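S.K.: File work25.cif follows (mmCIF, C-alpha atoms and all ligand atoms):
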```
data_structure
#
loop_
_atom_site.label_atom_id
_atom_site.label_comp_id
_atom_site.auth_asym_id
_atom_site.auth_seq_id
_atom_site.Cartn_x
_atom_site.Cartn_y
_atom_site.Cartn_z
CA MET A 1 -143.07 -105.63 84.10
CA LEU A 2 -146.01 -104.88 86.40
CA LYS A 3 -145.49 -101.13 85.96
CA ARG A 4 -145.40 -101.55 82.21
CA LEU A 5 -148.69 -103.52 82.24
CA LEU A 6 -150.32 -101.00 84.56
CA SER A 7 -149.25 -98.21 82.18
CA PHE A 8 -151.82 -99.39 79.61
CA PHE A 9 -154.43 -98.04 82.06
CA ILE A 10 -152.64 -95.12 83.73
CA PRO A 11 -149.18 -93.54 83.21
CA VAL A 12 -146.66 -94.86 85.79
CA ASN A 13 -143.91 -92.46 86.78
CA ILE A 14 -140.61 -94.17 87.73
CA HIS A 15 -138.15 -91.27 87.97
CA GLU A 16 -138.40 -87.52 88.37
CA GLN A 17 -135.80 -84.80 88.74
CA ASN A 18 -135.52 -81.05 88.45
CA SER A 19 -133.77 -79.54 85.44
CA ASP A 20 -132.57 -75.99 84.83
CA THR A 21 -133.34 -76.27 81.11
CA SER A 22 -136.66 -78.09 81.21
CA GLN A 23 -137.99 -77.39 84.72
CA LYS A 24 -138.59 -81.09 85.26
CA LEU A 25 -137.57 -84.39 83.65
CA GLU A 26 -139.90 -87.35 84.17
CA VAL A 27 -139.40 -90.95 83.08
CA THR A 28 -142.81 -92.61 82.71
CA TRP A 29 -144.29 -95.87 81.46
CA ASN A 30 -147.06 -94.79 79.09
CA ASN A 31 -149.14 -97.32 77.13
CA GLY A 32 -146.41 -99.93 77.59
CA GLN A 33 -143.64 -97.61 76.40
CA LEU A 34 -140.99 -95.83 78.44
CA VAL A 35 -140.97 -92.09 77.60
CA LEU A 36 -139.21 -88.94 78.80
CA ASP A 37 -141.34 -85.84 79.45
CA SER A 38 -140.49 -82.31 80.53
CA LYS A 39 -142.89 -80.37 82.76
CA ASN A 40 -145.45 -79.72 80.00
CA THR A 41 -144.56 -81.82 76.98
CA ASN A 42 -143.21 -85.11 75.66
CA TYR A 43 -139.43 -84.92 75.09
CA SER A 44 -138.26 -88.33 73.91
CA TYR A 45 -139.87 -91.51 72.65
CA GLY A 46 -143.70 -91.37 72.43
CA SER A 47 -145.07 -88.71 70.08
CA LEU A 48 -141.69 -86.95 69.75
CA GLN A 49 -140.10 -90.09 68.35
CA ARG A 50 -143.01 -90.53 65.90
CA ILE A 51 -142.59 -86.93 64.69
CA LEU A 52 -138.87 -87.23 63.94
CA ARG A 53 -139.32 -90.72 62.48
CA LYS A 54 -141.78 -89.23 59.98
CA GLY A 55 -139.23 -86.53 59.13
CA LEU A 56 -136.53 -89.13 58.52
CA HIS A 57 -138.89 -91.07 56.26
CA TYR A 58 -139.64 -87.91 54.26
CA ILE A 59 -135.88 -87.67 53.62
CA GLY A 60 -135.71 -91.41 52.88
CA SER A 61 -134.00 -94.30 54.70
CA GLU A 62 -132.01 -95.39 51.66
CA ARG A 63 -130.60 -91.91 51.18
CA ILE A 64 -129.78 -91.57 54.90
CA ARG A 65 -127.89 -94.88 54.88
CA GLY A 66 -125.62 -93.33 52.25
CA PHE A 67 -124.70 -90.39 54.51
CA GLU A 68 -121.42 -90.23 56.44
CA ASN A 69 -122.00 -87.78 59.23
CA THR A 70 -125.12 -86.80 61.22
CA LEU A 71 -125.44 -84.04 63.81
CA VAL A 72 -128.30 -84.15 66.35
CA LEU A 73 -128.85 -80.87 68.21
CA GLY A 74 -131.01 -81.54 71.30
CA VAL A 75 -130.64 -85.17 72.42
CA ALA A 76 -132.81 -85.61 75.58
CA ALA A 77 -133.23 -89.42 75.92
CA GLY A 78 -131.99 -89.94 72.36
CA SER A 79 -135.02 -91.40 70.59
CA VAL A 80 -134.09 -90.06 67.13
CA ILE A 81 -130.59 -91.49 67.58
CA LYS A 82 -132.14 -94.90 68.32
CA THR A 83 -134.41 -94.54 65.26
CA LEU A 84 -131.39 -93.76 63.10
CA ALA A 85 -129.23 -96.57 64.45
CA GLU A 86 -131.76 -99.36 64.99
CA GLU A 87 -134.57 -98.74 62.49
CA ILE A 88 -132.84 -96.95 59.61
CA LYS A 89 -129.57 -98.85 60.25
CA PHE A 90 -127.49 -95.73 59.72
CA ARG A 91 -123.88 -96.79 60.27
CA GLY A 92 -122.11 -93.45 59.76
CA LYS A 93 -121.04 -91.20 62.59
CA ILE A 94 -123.65 -89.58 64.87
CA THR A 95 -122.74 -86.59 67.05
CA GLY A 96 -125.39 -85.60 69.59
CA VAL A 97 -125.22 -82.23 71.38
CA GLU A 98 -127.23 -81.71 74.56
CA ILE A 99 -127.03 -78.83 77.04
CA ASP A 100 -128.51 -80.74 79.99
CA PRO A 101 -126.24 -83.40 81.59
CA ALA A 102 -129.25 -84.72 83.57
CA ALA A 103 -130.99 -85.66 80.30
CA ILE A 104 -127.96 -87.67 79.14
CA GLU A 105 -127.71 -89.44 82.49
CA ILE A 106 -131.36 -90.46 82.10
CA ALA A 107 -130.78 -91.44 78.46
CA ASN A 108 -127.99 -93.82 79.47
CA THR A 109 -129.65 -95.23 82.59
CA TYR A 110 -133.18 -95.79 81.31
CA PHE A 111 -132.95 -95.77 77.50
CA GLY A 112 -129.57 -97.40 76.73
CA LEU A 113 -128.27 -94.48 74.66
CA ASN A 114 -124.68 -95.44 75.50
CA GLU A 115 -125.25 -98.78 73.69
CA VAL A 116 -125.31 -97.01 70.31
CA ALA A 117 -121.79 -97.72 69.06
CA ASN A 118 -121.50 -95.07 66.33
CA CYS A 119 -122.70 -92.18 68.53
CA GLU A 120 -120.71 -89.55 70.42
CA ILE A 121 -122.49 -87.29 72.91
CA VAL A 122 -121.21 -83.79 73.62
CA ILE A 123 -122.58 -81.87 76.61
CA ASP A 124 -122.65 -78.32 75.31
CA ASP A 125 -124.92 -75.50 74.25
CA ALA A 126 -125.77 -76.25 70.61
CA PHE A 127 -125.22 -72.59 69.77
CA GLU A 128 -121.63 -72.77 71.05
CA PHE A 129 -121.02 -76.16 69.46
CA VAL A 130 -121.99 -75.09 65.93
CA LEU A 131 -119.60 -72.15 66.19
CA LYS A 132 -116.72 -74.43 67.22
CA THR A 133 -117.13 -77.54 65.12
CA LYS A 134 -114.73 -78.07 62.22
CA GLU A 135 -116.77 -80.87 60.65
CA LYS A 136 -119.37 -80.81 57.89
CA TYR A 137 -122.52 -82.90 58.05
CA ASP A 138 -124.87 -84.68 55.62
CA LEU A 139 -127.81 -84.54 58.01
CA ILE A 140 -128.44 -81.97 60.76
CA ILE A 141 -131.41 -82.61 63.06
CA ILE A 142 -132.49 -79.56 65.06
CA ASP A 143 -134.77 -80.48 67.98
CA ILE A 144 -134.11 -77.88 70.67
CA PHE A 145 -136.74 -77.04 73.28
CA ARG A 146 -136.80 -75.67 76.78
CA ASP A 147 -140.00 -77.39 77.86
CA THR A 148 -142.48 -76.04 75.24
CA GLU A 149 -140.35 -72.99 74.38
CA MET A 150 -138.06 -72.75 71.35
CA PRO A 151 -135.07 -70.42 71.92
CA ASN A 152 -135.14 -67.36 69.61
CA PHE A 153 -131.67 -68.02 68.21
CA LEU A 154 -133.10 -70.95 66.21
CA PHE A 155 -134.88 -68.50 63.91
CA GLU A 156 -132.13 -65.91 63.61
CA ASP A 157 -130.12 -65.38 60.39
CA PHE A 158 -126.79 -65.92 62.11
CA TRP A 159 -127.75 -69.43 63.28
CA ARG A 160 -129.43 -70.35 59.97
CA ASN A 161 -126.37 -69.25 57.97
CA ARG A 162 -124.00 -71.14 60.22
CA ILE A 163 -126.07 -74.36 60.01
CA ASN A 164 -126.28 -73.98 56.22
CA PHE A 165 -122.50 -73.61 56.10
CA LEU A 166 -122.02 -76.83 58.10
CA LEU A 167 -124.29 -78.77 55.74
CA ARG A 168 -122.76 -80.63 52.79
CA ILE A 169 -124.23 -80.21 49.32
CA ASN A 170 -127.10 -82.70 48.87
CA GLY A 171 -127.36 -82.85 52.66
CA PHE A 172 -130.56 -82.29 54.68
CA ILE A 173 -131.65 -80.32 57.72
CA LEU A 174 -134.57 -81.76 59.70
CA PHE A 175 -136.00 -79.03 61.94
CA ASN A 176 -138.76 -79.77 64.47
CA THR A 177 -140.84 -76.76 65.53
CA MET A 178 -143.90 -76.22 67.69
CA THR A 179 -146.72 -74.02 66.44
CA LEU A 180 -149.04 -73.27 69.34
CA ASN A 181 -150.52 -70.03 67.95
CA GLU A 182 -150.75 -67.77 64.88
CA LYS A 183 -147.54 -65.96 65.81
CA HIS A 184 -145.61 -69.23 65.66
CA LYS A 185 -147.10 -70.05 62.26
CA GLU A 186 -146.05 -66.62 60.93
CA ARG A 187 -142.56 -67.11 62.45
CA ASN A 188 -142.27 -70.38 60.50
CA LEU A 189 -143.42 -68.83 57.21
CA LEU A 190 -140.88 -66.06 57.64
CA TYR A 191 -138.17 -68.62 58.38
CA ARG A 192 -139.05 -70.50 55.21
CA SER A 193 -138.90 -67.34 53.10
CA ARG A 194 -135.28 -66.73 54.20
CA PHE A 195 -133.85 -69.59 52.14
CA SER A 196 -132.47 -68.84 48.68
CA SER A 197 -133.01 -71.01 45.60
CA ASP A 198 -129.88 -72.93 46.62
CA TYR A 199 -132.15 -74.79 49.04
CA SER A 200 -135.27 -76.87 48.64
CA VAL A 201 -137.48 -76.24 51.69
CA ARG A 202 -140.54 -78.30 52.63
CA MET A 203 -142.90 -77.75 55.51
CA TYR A 204 -144.97 -80.55 57.00
CA PRO A 205 -147.67 -78.99 59.21
CA LYS A 206 -149.65 -80.75 61.93
CA VAL A 207 -147.29 -83.66 62.45
CA GLU A 208 -148.94 -84.78 65.72
CA ASP A 209 -151.07 -81.85 66.96
CA HIS A 210 -148.82 -78.82 67.25
CA ASN A 211 -145.60 -79.79 65.54
CA GLU A 212 -144.49 -78.50 62.17
CA LEU A 213 -141.46 -80.11 60.55
CA PHE A 214 -139.10 -78.61 58.02
CA THR A 215 -136.89 -80.60 55.67
CA ILE A 216 -134.32 -78.44 53.94
CA LYS A 217 -132.07 -79.80 51.19
CA LYS A 218 -128.91 -77.99 50.10
CA LEU A 219 -128.94 -78.12 46.31
CA ARG A 220 -125.68 -76.31 45.53
C1 LIG A 301 -137.48 -82.44 72.53
S1 LIG A 301 -136.00 -82.70 73.38
C2 LIG A 301 -134.97 -83.54 72.18
C3 LIG A 301 -135.46 -84.94 71.83
C4 LIG A 301 -134.49 -85.77 71.04
N1 LIG A 301 -134.14 -85.13 69.77
C5 LIG A 301 -134.98 -87.17 70.79
O1 LIG A 301 -134.90 -87.60 69.66
O2 LIG A 301 -135.42 -87.84 71.72
C6 LIG A 301 -135.27 -81.09 73.44
C7 LIG A 301 -133.90 -81.06 74.08
O3 LIG A 301 -133.24 -79.83 73.74
C8 LIG A 301 -132.32 -79.56 74.80
N2 LIG A 301 -131.83 -78.18 74.68
C9 LIG A 301 -132.45 -77.01 75.00
N3 LIG A 301 -131.67 -75.95 74.73
C10 LIG A 301 -130.50 -76.45 74.22
C11 LIG A 301 -129.31 -75.85 73.73
N4 LIG A 301 -129.14 -74.52 73.69
N5 LIG A 301 -128.32 -76.67 73.29
C12 LIG A 301 -128.47 -78.02 73.31
N6 LIG A 301 -129.60 -78.65 73.74
C13 LIG A 301 -130.61 -77.88 74.20
C14 LIG A 301 -133.17 -79.86 76.04
O4 LIG A 301 -132.35 -79.99 77.19
C15 LIG A 301 -133.89 -81.12 75.61
O5 LIG A 301 -133.20 -82.26 76.05
#
```
Would you encode the structure as C-alpha cells?
M.R.:
Amino acid sequence: MLKRLLSFFIPVNIHEQNSDTSQKLEVTWNNGQLVLDSKNTNYSYGSLQRILRKGLHYIGSERIRGFENTLVLGVAAGSVIKTLAEEIKFRGKITGVEIDPAAIEIANTYFGLNEVANCEIVIDDAFEFVLKTKEKYDLIIIDIFRDTEMPNFLFEDFWRNRINFLLRINGFILFNTMTLNEKHKERNLLYRSRFSSDYSVRMYPKVEDHNELFTIKKLR
C-alpha cells in the first residue's frame, strides 16, 4: 500500500529479472498502477493496455462479445487478456501465446493472469504456434515485441497469409506496431498495401506517442 502511494510521486520498482527476449523485465508501481516494463518500453498495463483497449473499442465490445475464439500473440503480463475478460466481458475462449516463460511467471504472480477462467496460455514462439494450430479464430491480436524491436517476420507475406488463413470470415486482426522513424512508417504503409479487397484495413496512427494500430477485417 505504501509503495503504491509513493508511486504517485516516483516509480517504485518491486521486481526485476533478466530476460533473453526483452533484456530485462521490471514490475513497477507507477502512478498507483502496477505495470510491466522491458528495458526500454512499457510492456503490459499502463500505456500498452490503453493502446490495445482503444483497438478493441474500434472493433466494438458488442461485436467482440459475439466472438467464439480469440488468439493473443505476445502475452507479457496479460493486460489485453484482462481487458477482454473483465472490461469487455468476453466469455469465449482465449488462447495466449508467449515465448518468454519468465513473463508468464510474472503475469501469474503479480497480475493474476491465471485467475482468468476462459484463458489458456501456451509457451511457444508465435511463429511456430501459428504454423501448428488447427483452430480458426474470430479475433487475432498481434502484439509481439523484443523490447522496442518488432521481429521482421511480422511484416512478411508468409506470416500475413498464414494469419489471414486462421481468421474466420467477419473476424478481425488487431495489430500493434511501433513507428519510431520514417522507415517504420513506410514499412506500415507497404504492409497495408498488401491486403486485397477481401479485407478492410484501417490504420490508427499516434495511439500514444509512437504506436500505430491496425484493425483488419476479413470480408469474404
Ligand atoms: C508488448 S508485450 C505484449 C503485451 C500484452 N499483449 C499485453 O496485453 O499486456 C510483447 C511480448 O511479445 C513477446 N514476444 C516476443 N517475441 C515473441 C515470439 N516470437 N512469440 C511469442 N511472443 C513473443 C515478448 O516476450 C513480450 O512479452
S.K.: Within 10 Å of (-138.8, -79.3, 83.0), only C-alpha atoms: residues as a PyMOL selection string?
M.R.: chain A and resi 16-26+37-41+43+146-148
S.K.: List all protein, DNA and RNA residues that have any atom at most 8 Å from ligand LIG 301 (chain A), counting all atoms listed in the file, and write the list as a VMD selection string.
M.R.: chain A and resid 21 to 22 42 to 45 48 to 49 52 72 to 82 97 to 100 103 123 to 127 141 to 147 150 to 151
S.K.: Between A:Leu34, A:Val201, A:Lys3, A:Lys206, which one has atoms that come closest to A:Tyr110, using only C-alpha atoms?
M.R.: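 Between A:Leu34, A:Val201, A:Lys3, A:Lys206, the residue approaching A:Tyr110 most closely is A:Leu34.
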S.K.: Which residue, A:Gly92, A:Pro101, A:Gly171, A:Gly60, has the smallest gap to A:Asn118 when you use all atoms listed in the file?
M.R.: A:Gly92
S.K.: Which neighbours of stretch 196-200 of chain A fall inside 8 Å, counting only C-alpha atoms, when residues of the same chain fewer than 2 positions from it are skipped, and could you give them as a compact mmCIF listing (two decimals) with C-alpha atoms, keeping the file's coordinate frame?
M.R.:
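Ended up saving to out_11.txt:
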```txt
# COMPACT_ATOMS: atom_id res chain seq x y z
CA SER A 193 -138.90 -67.34 53.10
CA ARG A 194 -135.28 -66.73 54.20
CA ARG A 202 -140.54 -78.30 52.63
CA ILE A 216 -134.32 -78.44 53.94
CA LYS A 217 -132.07 -79.80 51.19
CA LYS A 218 -128.91 -77.99 50.10
CA LEU A 219 -128.94 -78.12 46.31
CA ARG A 220 -125.68 -76.31 45.53
```
S.K.: What does the structure give for the distance between atom CA of A:Ile140 and atom CA of A:Phe172, in Å to one decimal?
M.R.: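 For atom CA of A:Ile140 relative to atom CA of A:Phe172, the distance reads 6.4 Å.
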S.K.: I'd like the interatomic distance between atom CA of A:Leu154 and atom CA of A:Asn188, to a tenth of an Å.
M.R.: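 If I compute the distance from atom CA of A:Leu154 to atom CA of A:Asn188, I get 10.8 Å.
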S.K.: So, with all atoms listed in the file as the atoms that count, which of A:Leu2, A:Leu84, A:Ala107, A:Val27 lies closest to A:His15?
M.R.: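 That would be A:Val27, the residue with the smallest distance to A:His15.
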S.K.: Counting only C-alpha atoms, figure out which residue out of A:Lys136, A:Arg192, A:Lys185, A:His57 gets nearest to A:Thr95.
M.R.: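 Once distances to A:Thr95 are computed over only C-alpha atoms, the minimum belongs to A:Lys136.
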S.K.: Pull N, CA and C atoms for stretch 171-218 of chain A from the block and write them as a PDB file, in the first residue's frame.
M.R.:
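Resulting contents of selection23.pdb:
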```pdb
ATOM      1  N   GLY A 171     -14.126 -11.937 -39.086  1.00  0.00           N
ATOM      2  CA  GLY A 171     -13.229 -11.813 -37.938  1.00  0.00           C
ATOM      3  C   GLY A 171     -12.286 -10.625 -38.113  1.00  0.00           C
ATOM      4  N   PHE A 172     -11.579 -10.281 -37.031  1.00  0.00           N
ATOM      5  CA  PHE A 172     -10.686  -9.117 -37.010  1.00  0.00           C
ATOM      6  C   PHE A 172      -9.282  -9.473 -36.544  1.00  0.00           C
ATOM      7  N   ILE A 173      -8.303  -8.798 -37.146  1.00  0.00           N
ATOM      8  CA  ILE A 173      -6.934  -8.808 -36.620  1.00  0.00           C
ATOM      9  C   ILE A 173      -6.723  -7.438 -35.964  1.00  0.00           C
ATOM     10  N   LEU A 174      -6.135  -7.429 -34.778  1.00  0.00           N
ATOM     11  CA  LEU A 174      -5.701  -6.181 -34.157  1.00  0.00           C
ATOM     12  C   LEU A 174      -4.182  -6.271 -34.045  1.00  0.00           C
ATOM     13  N   PHE A 175      -3.484  -5.383 -34.744  1.00  0.00           N
ATOM     14  CA  PHE A 175      -2.029  -5.470 -34.847  1.00  0.00           C
ATOM     15  C   PHE A 175      -1.422  -4.182 -34.284  1.00  0.00           C
ATOM     16  N   ASN A 176      -0.638  -4.329 -33.213  1.00  0.00           N
ATOM     17  CA  ASN A 176       0.016  -3.171 -32.595  1.00  0.00           C
ATOM     18  C   ASN A 176       1.434  -3.031 -33.141  1.00  0.00           C
ATOM     19  N   THR A 177       1.752  -1.854 -33.676  1.00  0.00           N
ATOM     20  CA  THR A 177       3.106  -1.633 -34.213  1.00  0.00           C
ATOM     21  C   THR A 177       3.715  -0.389 -33.563  1.00  0.00           C
ATOM     22  N   MET A 178       5.035  -0.295 -33.654  1.00  0.00           N
ATOM     23  CA  MET A 178       5.713   0.903 -33.185  1.00  0.00           C
ATOM     24  C   MET A 178       6.320   1.611 -34.382  1.00  0.00           C
ATOM     25  N   THR A 179       6.112   2.904 -34.469  1.00  0.00           N
ATOM     26  CA  THR A 179       6.700   3.672 -35.574  1.00  0.00           C
ATOM     27  C   THR A 179       7.607   4.743 -34.961  1.00  0.00           C
ATOM     28  N   LEU A 180       8.899   4.414 -34.910  1.00  0.00           N
ATOM     29  CA  LEU A 180       9.853   5.329 -34.276  1.00  0.00           C
ATOM     30  C   LEU A 180      10.532   6.233 -35.297  1.00  0.00           C
ATOM     31  N   ASN A 181      10.436   5.890 -36.593  1.00  0.00           N
ATOM     32  CA  ASN A 181      11.092   6.702 -37.625  1.00  0.00           C
ATOM     33  C   ASN A 181      10.359   6.550 -38.968  1.00  0.00           C
ATOM     34  N   GLU A 182      10.846   7.277 -39.979  1.00  0.00           N
ATOM     35  CA  GLU A 182      10.183   7.273 -41.291  1.00  0.00           C
ATOM     36  C   GLU A 182      10.160   5.876 -41.918  1.00  0.00           C
ATOM     37  N   LYS A 183      11.237   5.135 -41.699  1.00  0.00           N
ATOM     38  CA  LYS A 183      11.335   3.783 -42.254  1.00  0.00           C
ATOM     39  C   LYS A 183      10.188   2.895 -41.736  1.00  0.00           C
ATOM     40  N   HIS A 184       9.908   3.031 -40.456  1.00  0.00           N
ATOM     41  CA  HIS A 184       8.819   2.247 -39.859  1.00  0.00           C
ATOM     42  C   HIS A 184       7.470   2.653 -40.454  1.00  0.00           C
ATOM     43  N   LYS A 185       7.299   3.959 -40.703  1.00  0.00           N
ATOM     44  CA  LYS A 185       6.031   4.425 -41.272  1.00  0.00           C
ATOM     45  C   LYS A 185       5.858   3.857 -42.688  1.00  0.00           C
ATOM     46  N   GLU A 186       6.952   3.860 -43.454  1.00  0.00           N
ATOM     47  CA  GLU A 186       6.909   3.291 -44.820  1.00  0.00           C
ATOM     48  C   GLU A 186       6.614   1.795 -44.751  1.00  0.00           C
ATOM     49  N   ARG A 187       7.263   1.100 -43.817  1.00  0.00           N
ATOM     50  CA  ARG A 187       7.036  -0.345 -43.621  1.00  0.00           C
ATOM     51  C   ARG A 187       5.545  -0.607 -43.399  1.00  0.00           C
ATOM     52  N   ASN A 188       4.904   0.246 -42.582  1.00  0.00           N
ATOM     53  CA  ASN A 188       3.484   0.053 -42.284  1.00  0.00           C
ATOM     54  C   ASN A 188       2.604   0.319 -43.501  1.00  0.00           C
ATOM     55  N   LEU A 189       2.963   1.342 -44.284  1.00  0.00           N
ATOM     56  CA  LEU A 189       2.171   1.640 -45.490  1.00  0.00           C
ATOM     57  C   LEU A 189       2.259   0.488 -46.485  1.00  0.00           C
ATOM     58  N   LEU A 190       3.473  -0.063 -46.598  1.00  0.00           N
ATOM     59  CA  LEU A 190       3.670  -1.202 -47.500  1.00  0.00           C
ATOM     60  C   LEU A 190       2.845  -2.403 -47.020  1.00  0.00           C
ATOM     61  N   TYR A 191       2.866  -2.630 -45.723  1.00  0.00           N
ATOM     62  CA  TYR A 191       2.099  -3.738 -45.132  1.00  0.00           C
ATOM     63  C   TYR A 191       0.619  -3.579 -45.478  1.00  0.00           C
ATOM     64  N   ARG A 192       0.120  -2.360 -45.309  1.00  0.00           N
ATOM     65  CA  ARG A 192      -1.291  -2.098 -45.593  1.00  0.00           C
ATOM     66  C   ARG A 192      -1.636  -2.409 -47.046  1.00  0.00           C
ATOM     67  N   SER A 193      -0.713  -2.026 -47.951  1.00  0.00           N
ATOM     68  CA  SER A 193      -0.981  -2.173 -49.386  1.00  0.00           C
ATOM     69  C   SER A 193      -1.046  -3.644 -49.812  1.00  0.00           C
ATOM     70  N   ARG A 194      -0.572  -4.539 -48.956  1.00  0.00           N
ATOM     71  CA  ARG A 194      -0.524  -5.970 -49.311  1.00  0.00           C
ATOM     72  C   ARG A 194      -1.876  -6.671 -49.210  1.00  0.00           C
ATOM     73  N   PHE A 195      -2.857  -6.024 -48.586  1.00  0.00           N
ATOM     74  CA  PHE A 195      -4.146  -6.699 -48.402  1.00  0.00           C
ATOM     75  C   PHE A 195      -5.043  -6.499 -49.616  1.00  0.00           C
ATOM     76  N   SER A 196      -5.701  -7.566 -50.045  1.00  0.00           N
ATOM     77  CA  SER A 196      -6.607  -7.489 -51.193  1.00  0.00           C
ATOM     78  C   SER A 196      -7.947  -6.892 -50.749  1.00  0.00           C
ATOM     79  N   SER A 197      -8.858  -6.753 -51.711  1.00  0.00           N
ATOM     80  CA  SER A 197     -10.173  -6.170 -51.388  1.00  0.00           C
ATOM     81  C   SER A 197     -11.035  -7.134 -50.560  1.00  0.00           C
ATOM     82  N   ASP A 198     -10.514  -8.310 -50.265  1.00  0.00           N
ATOM     83  CA  ASP A 198     -11.225  -9.229 -49.365  1.00  0.00           C
ATOM     84  C   ASP A 198     -11.109  -8.778 -47.908  1.00  0.00           C
ATOM     85  N   TYR A 199     -10.286  -7.737 -47.692  1.00  0.00           N
ATOM     86  CA  TYR A 199     -10.048  -7.269 -46.314  1.00  0.00           C
ATOM     87  C   TYR A 199     -10.315  -5.769 -46.226  1.00  0.00           C
ATOM     88  N   SER A 200     -10.846  -5.359 -45.083  1.00  0.00           N
ATOM     89  CA  SER A 200     -10.984  -3.933 -44.821  1.00  0.00           C
ATOM     90  C   SER A 200      -9.928  -3.553 -43.773  1.00  0.00           C
ATOM     91  N   VAL A 201      -8.960  -2.717 -44.207  1.00  0.00           N
ATOM     92  CA  VAL A 201      -7.819  -2.408 -43.342  1.00  0.00           C
ATOM     93  C   VAL A 201      -7.898  -0.956 -42.866  1.00  0.00           C
ATOM     94  N   ARG A 202      -7.790  -0.749 -41.570  1.00  0.00           N
ATOM     95  CA  ARG A 202      -7.733   0.619 -41.028  1.00  0.00           C
ATOM     96  C   ARG A 202      -6.473   0.815 -40.225  1.00  0.00           C
ATOM     97  N   MET A 203      -5.910   2.014 -40.348  1.00  0.00           N
ATOM     98  CA  MET A 203      -4.710   2.342 -39.584  1.00  0.00           C
ATOM     99  C   MET A 203      -5.067   3.453 -38.615  1.00  0.00           C
ATOM    100  N   TYR A 204      -4.639   3.320 -37.382  1.00  0.00           N
ATOM    101  CA  TYR A 204      -4.859   4.369 -36.383  1.00  0.00           C
ATOM    102  C   TYR A 204      -3.500   4.864 -35.915  1.00  0.00           C
ATOM    103  N   PRO A 205      -2.996   5.952 -36.512  1.00  0.00           N
ATOM    104  CA  PRO A 205      -1.659   6.436 -36.140  1.00  0.00           C
ATOM    105  C   PRO A 205      -1.667   7.165 -34.800  1.00  0.00           C
ATOM    106  N   LYS A 206      -0.495   7.261 -34.226  1.00  0.00           N
ATOM    107  CA  LYS A 206      -0.258   8.044 -32.994  1.00  0.00           C
ATOM    108  C   LYS A 206      -1.192   7.679 -31.853  1.00  0.00           C
ATOM    109  N   VAL A 207      -1.417   6.373 -31.672  1.00  0.00           N
ATOM    110  CA  VAL A 207      -2.131   5.932 -30.486  1.00  0.00           C
ATOM    111  C   VAL A 207      -1.057   5.923 -29.398  1.00  0.00           C
ATOM    112  N   GLU A 208      -1.038   6.895 -28.527  1.00  0.00           N
ATOM    113  CA  GLU A 208       0.012   7.057 -27.512  1.00  0.00           C
ATOM    114  C   GLU A 208       1.403   7.162 -28.180  1.00  0.00           C
ATOM    115  N   ASP A 209       1.836   8.343 -28.453  1.00  0.00           N
ATOM    116  CA  ASP A 209       3.195   8.613 -28.958  1.00  0.00           C
ATOM    117  C   ASP A 209       3.558   7.879 -30.237  1.00  0.00           C
ATOM    118  N   HIS A 210       4.184   6.690 -30.081  1.00  0.00           N
ATOM    119  CA  HIS A 210       4.813   6.058 -31.240  1.00  0.00           C
ATOM    120  C   HIS A 210       4.089   4.827 -31.747  1.00  0.00           C
ATOM    121  N   ASN A 211       2.916   4.560 -31.232  1.00  0.00           N
ATOM    122  CA  ASN A 211       2.243   3.327 -31.666  1.00  0.00           C
ATOM    123  C   ASN A 211       1.257   3.600 -32.782  1.00  0.00           C
ATOM    124  N   GLU A 212       1.220   2.674 -33.737  1.00  0.00           N
ATOM    125  CA  GLU A 212       0.233   2.736 -34.805  1.00  0.00           C
ATOM    126  C   GLU A 212      -0.496   1.393 -34.794  1.00  0.00           C
ATOM    127  N   LEU A 213      -1.822   1.461 -34.730  1.00  0.00           N
ATOM    128  CA  LEU A 213      -2.617   0.231 -34.660  1.00  0.00           C
ATOM    129  C   LEU A 213      -3.245  -0.053 -36.004  1.00  0.00           C
ATOM    130  N   PHE A 214      -3.332  -1.325 -36.338  1.00  0.00           N
ATOM    131  CA  PHE A 214      -4.112  -1.757 -37.494  1.00  0.00           C
ATOM    132  C   PHE A 214      -5.317  -2.540 -37.001  1.00  0.00           C
ATOM    133  N   THR A 215      -6.492  -2.303 -37.589  1.00  0.00           N
ATOM    134  CA  THR A 215      -7.580  -3.279 -37.478  1.00  0.00           C
ATOM    135  C   THR A 215      -7.840  -3.775 -38.891  1.00  0.00           C
ATOM    136  N   ILE A 216      -7.947  -5.077 -39.032  1.00  0.00           N
ATOM    137  CA  ILE A 216      -8.108  -5.690 -40.343  1.00  0.00           C
ATOM    138  C   ILE A 216      -9.300  -6.641 -40.267  1.00  0.00           C
ATOM    139  N   LYS A 217     -10.314  -6.378 -41.079  1.00  0.00           N
ATOM    140  CA  LYS A 217     -11.499  -7.241 -41.068  1.00  0.00           C
ATOM    141  C   LYS A 217     -11.506  -8.116 -42.312  1.00  0.00           C
ATOM    142  N   LYS A 218     -11.785  -9.399 -42.128  1.00  0.00           N
ATOM    143  CA  LYS A 218     -11.877 -10.312 -43.270  1.00  0.00           C
ATOM    144  C   LYS A 218     -13.314 -10.280 -43.787  1.00  0.00           C
TER     145      LYS A 218
END
```
